[in-house]
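Novice: Input structure: target.pdb, which contains PDB, C-alpha atoms.
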ATOM      1  CA  MET A   1     -18.105  -5.623   5.914
ATOM      2  CA  LYS A   2     -19.476  -4.481   2.585
ATOM      3  CA  THR A   3     -17.454  -5.665  -0.405
ATOM      4  CA  VAL A   4     -17.272  -4.824  -4.092
ATOM      5  CA  THR A   5     -16.631  -7.363  -6.818
ATOM      6  CA  LEU A   6     -13.799  -6.634  -9.232
ATOM      7  CA  SER A   7     -12.937  -8.579 -12.345
ATOM      8  CA  MET A   8      -9.861  -8.738 -14.534
ATOM      9  CA  ARG A   9      -8.600 -10.628 -17.518
ATOM     10  CA  LEU A  10      -5.392 -12.624 -17.160
ATOM     11  CA  PRO A  11      -3.501 -14.896 -19.517
ATOM     12  CA  PRO A  12      -3.977 -18.601 -18.741
ATOM     13  CA  ASP A  13      -0.342 -19.045 -17.667
ATOM     14  CA  GLU A  14      -0.722 -16.321 -15.014
ATOM     15  CA  VAL A  15      -3.911 -17.953 -13.734
ATOM     16  CA  LYS A  16      -2.018 -21.246 -13.383
ATOM     17  CA  ARG A  17       0.803 -19.511 -11.469
ATOM     18  CA  LEU A  18      -1.738 -17.864  -9.166
ATOM     19  CA  ALA A  19      -3.488 -21.175  -8.536
ATOM     20  CA  SER A  20      -0.172 -22.872  -7.754
ATOM     21  CA  ALA A  21       0.936 -20.078  -5.429
ATOM     22  CA  ALA A  22      -2.441 -20.095  -3.667
ATOM     23  CA  ALA A  23      -2.289 -23.857  -3.151
ATOM     24  CA  ALA A  24       1.278 -23.600  -1.826
ATOM     25  CA  ALA A  25       0.102 -20.955   0.645
ATOM     26  CA  GLY A  26      -2.861 -23.094   1.689
ATOM     27  CA  LEU A  27      -5.364 -20.508   0.468
ATOM     28  CA  ASP A  28      -8.102 -20.503  -2.106
ATOM     29  CA  ARG A  29      -7.480 -18.324  -5.141
ATOM     30  CA  SER A  30      -9.720 -15.495  -3.937
ATOM     31  CA  ALA A  31      -8.045 -15.256  -0.513
ATOM     32  CA  PHE A  32      -4.609 -15.418  -2.117
ATOM     33  CA  LEU A  33      -5.472 -12.628  -4.569
ATOM     34  CA  LYS A  34      -6.782 -10.425  -1.741
ATOM     35  CA  HIS A  35      -3.572 -10.993   0.204
ATOM     36  CA  ALA A  36      -1.398 -10.281  -2.851
ATOM     37  CA  LEU A  37      -3.370  -7.148  -3.727
ATOM     38  CA  ARG A  38      -3.090  -5.780  -0.183
ATOM     39  CA  ARG A  39       0.639  -6.492  -0.040
ATOM     40  CA  GLY A  40       1.233  -5.021  -3.479
ATOM     41  CA  THR A  41      -0.778  -1.910  -2.657
ATOM     42  CA  ARG A  42       1.123  -1.425   0.596
ATOM     43  CA  ASP A  43       4.475  -1.845  -1.196
ATOM     44  CA  LEU A  44       3.535   0.545  -4.001
ATOM     45  CA  MET A  45       2.265   3.174  -1.557
ATOM     46  CA  LEU A  46       5.551   2.958   0.372
ATOM     47  CA  GLU A  47       7.529   3.230  -2.869
ATOM     48  CA  GLN A  48       5.570   6.313  -3.982
ATOM     49  CA  ALA A  49       5.906   7.960  -0.571
ATOM     50  CA  ALA A  50       9.638   7.228  -0.423
ATOM     51  CA  ASP A  51      10.078   8.736  -3.871
ATOM     52  CA  ALA A  52       8.153  11.870  -2.869
ATOM     53  CA  TYR A  53      10.288  12.248   0.274
ATOM     54  CA  ARG A  54      13.501  11.632  -1.698
ATOM     55  CA  ARG A  55      12.562  14.355  -4.222
ATOM     56  CA  GLY A  56      11.594  16.778  -1.450
ATOM     57  CA  ALA A  57       7.979  16.808  -2.629
ATOM     58  CA  ALA A  58       6.768  15.564   0.770
ATOM     59  CA  THR A  59       7.908  16.063   4.332
ATOM     60  CA  LEU A  60       8.672  13.067   6.486
ATOM     61  CA  SER A  61       5.269  13.035   8.163
ATOM     62  CA  ARG A  62       3.416  13.609   4.885
ATOM     63  CA  ALA A  63       5.352  10.781   3.251
ATOM     64  CA  ALA A  64       4.429   8.536   6.187
ATOM     65  CA  GLY A  65       0.774   9.464   5.674
ATOM     66  CA  MET A  66       1.026   8.785   1.949
ATOM     67  CA  ALA A  67       2.357   5.320   2.760
ATOM     68  CA  GLY A  68      -0.434   4.721   5.260
ATOM     69  CA  LEU A  69       2.128   4.340   8.055
ATOM     70  CA  SER A  70       2.795   6.010  11.342
ATOM     71  CA  LEU A  71       5.833   8.275  11.398
ATOM     72  CA  ARG A  72       7.671   5.716  13.513
ATOM     73  CA  ASP A  73       6.893   2.876  11.082
ATOM     74  CA  PHE A  74       7.883   4.971   8.072
ATOM     75  CA  ILE A  75      11.231   5.794   9.683
ATOM     76  CA  ALA A  76      11.711   2.088  10.412
ATOM     77  CA  GLN A  77      11.144   1.350   6.699
ATOM     78  CA  MET A  78      13.696   3.925   5.535
ATOM     79  CA  PRO A  79      16.648   1.509   5.246
ATOM     80  CA  SER A  80      14.633  -0.847   3.024
ATOM     81  CA  THR A  81      13.812   2.036   0.673
ATOM     82  CA  ASN A  82      17.342   3.494   0.711
ATOM     83  CA  LEU A  83      16.160   6.717   2.318
ATOM     84  CA  GLU A  84      18.169   8.906   4.617
ATOM     85  CA  LEU A  85      16.569  10.987   7.332
ATOM     86  CA  ASN A  86      16.724  14.609   6.265
ATOM     87  CA  TYR A  87      14.597  16.447   8.793
ATOM     88  CA  GLY A  88      15.285  19.957   9.983
ATOM     89  CA  LEU A  89      13.551  22.755  11.834
ATOM     90  CA  ASP A  90      11.754  23.953   8.698
ATOM     91  CA  ASP A  91      10.328  20.457   8.190
ATOM     92  CA  LEU A  92       9.120  20.341  11.799
ATOM     93  CA  LEU A  93       7.404  23.724  11.456
ATOM     94  CA  ARG A  94       5.715  22.612   8.202
ATOM     95  CA  ASP A  95       4.557  19.381   9.823
ATOM     96  CA  LEU A  96       3.046  21.256  12.750
ATOM     97  CA  ARG A  97       0.841  23.306  10.434
ATOM     98  CA  PRO A  98      -2.674  21.899   9.877
TER      99      PRO A  98
END
Before anything else, please render the file you have as structure tokens.
Specialist:
Amino acid sequence: MKTVTLSMRLPPDEVKRLASAAAAAGLDRSAFLKHALRRGTRDLMLEQAADAYRRGAATLSRAAGMAGLSLRDFIAQMPSTNLELNYGLDDLLRDLRP
């Protein structure tokens, strides 16, 4: 798999915390950062999608797509994001459109 190198500047105390957390997880710093970045991205995408659904800016299936989840998985995540299912006939018809 092709990769791209990213760099960032962090305060020394954050670097120490990252190194400690990586060691506790049994990972090198690079592997730990990749794991943390993927988890953080997934969480932020879910948060943004939940907010869009809550505001009515996205249908249920579009919010699931925004989160990078299947519809079933997004519905399963609803309790953790304090969302209530609000899905009617109009939503179904919108979701069926290409």
Novice: Given the file above and the PyMOL selection byres ((chain A and resi 65-67) around 8), which residues are selected, and can you give them as a list in words?
Specialist: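 Checked against the file, the PyMOL selection byres ((chain A and resi 65-67) around 8) matches Arg42, Met45, Leu46, Glu47, Gln48, Ala49, Ser61, Arg62, Ala63, Ala64, Gly68, Leu69, Ser70, Leu71 and Phe74 of chain A.
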Novice: Give me the residues near Lys34 of chain A as a VMD selection string, where near means some atom within 12 Å (using all atoms listed in the file) and where sequence neighbours in that chain fewer than 4 positions away do not count.
Specialist: chain A and resid 3 5 to 6 18 22 27 to 30 38 to 41
Novice: Report, in Å with one decimal, the straight-line distance from atom CA of Met78 of chain A to atom CA of Leu44 of chain A.
Specialist: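 Going from atom CA of Met78 of chain A over to atom CA of Leu44 of chain A covers 14.3 Å.
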Novice: One decimal, Å: what's the distance from atom CA of Ala50 of chain A over to atom CA of Leu96 of chain A, could you say?
Specialist: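 Interatomic distance here is 20.3 Å.
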Novice: How many Å separate atom CA of Phe32 of chain A from atom CA of Ser7 of chain A?
Specialist: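 These atoms are spaced 14.9 Å apart.
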Novice: Counting all atoms listed in the file, which residue out of A:Leu83, A:Ala31, A:Val4, A:Leu93 sits closest to Ala19 of chain A?
Specialist: A:Ala31
Novice: Identify the residues within 12 Å of coordinate (13.8, 15.6, 2.6) (same frame as the file), considering all atoms listed in the file, and give the answer as a list in words.
Specialist: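 Counting all atoms listed in the file, I find these residues within 12 Å of (13.8, 15.6, 2.6): Ala49, Ala50, Asp51, Ala52, Tyr53, Arg54, Arg55, Gly56, Ala57, Ala58, Thr59, Leu60, Ser61, Arg62, Ala63, Leu83, Glu84, Leu85, Asn86, Tyr87, Gly88, Leu89, Asp90, Asp91 and Leu92 of chain A.
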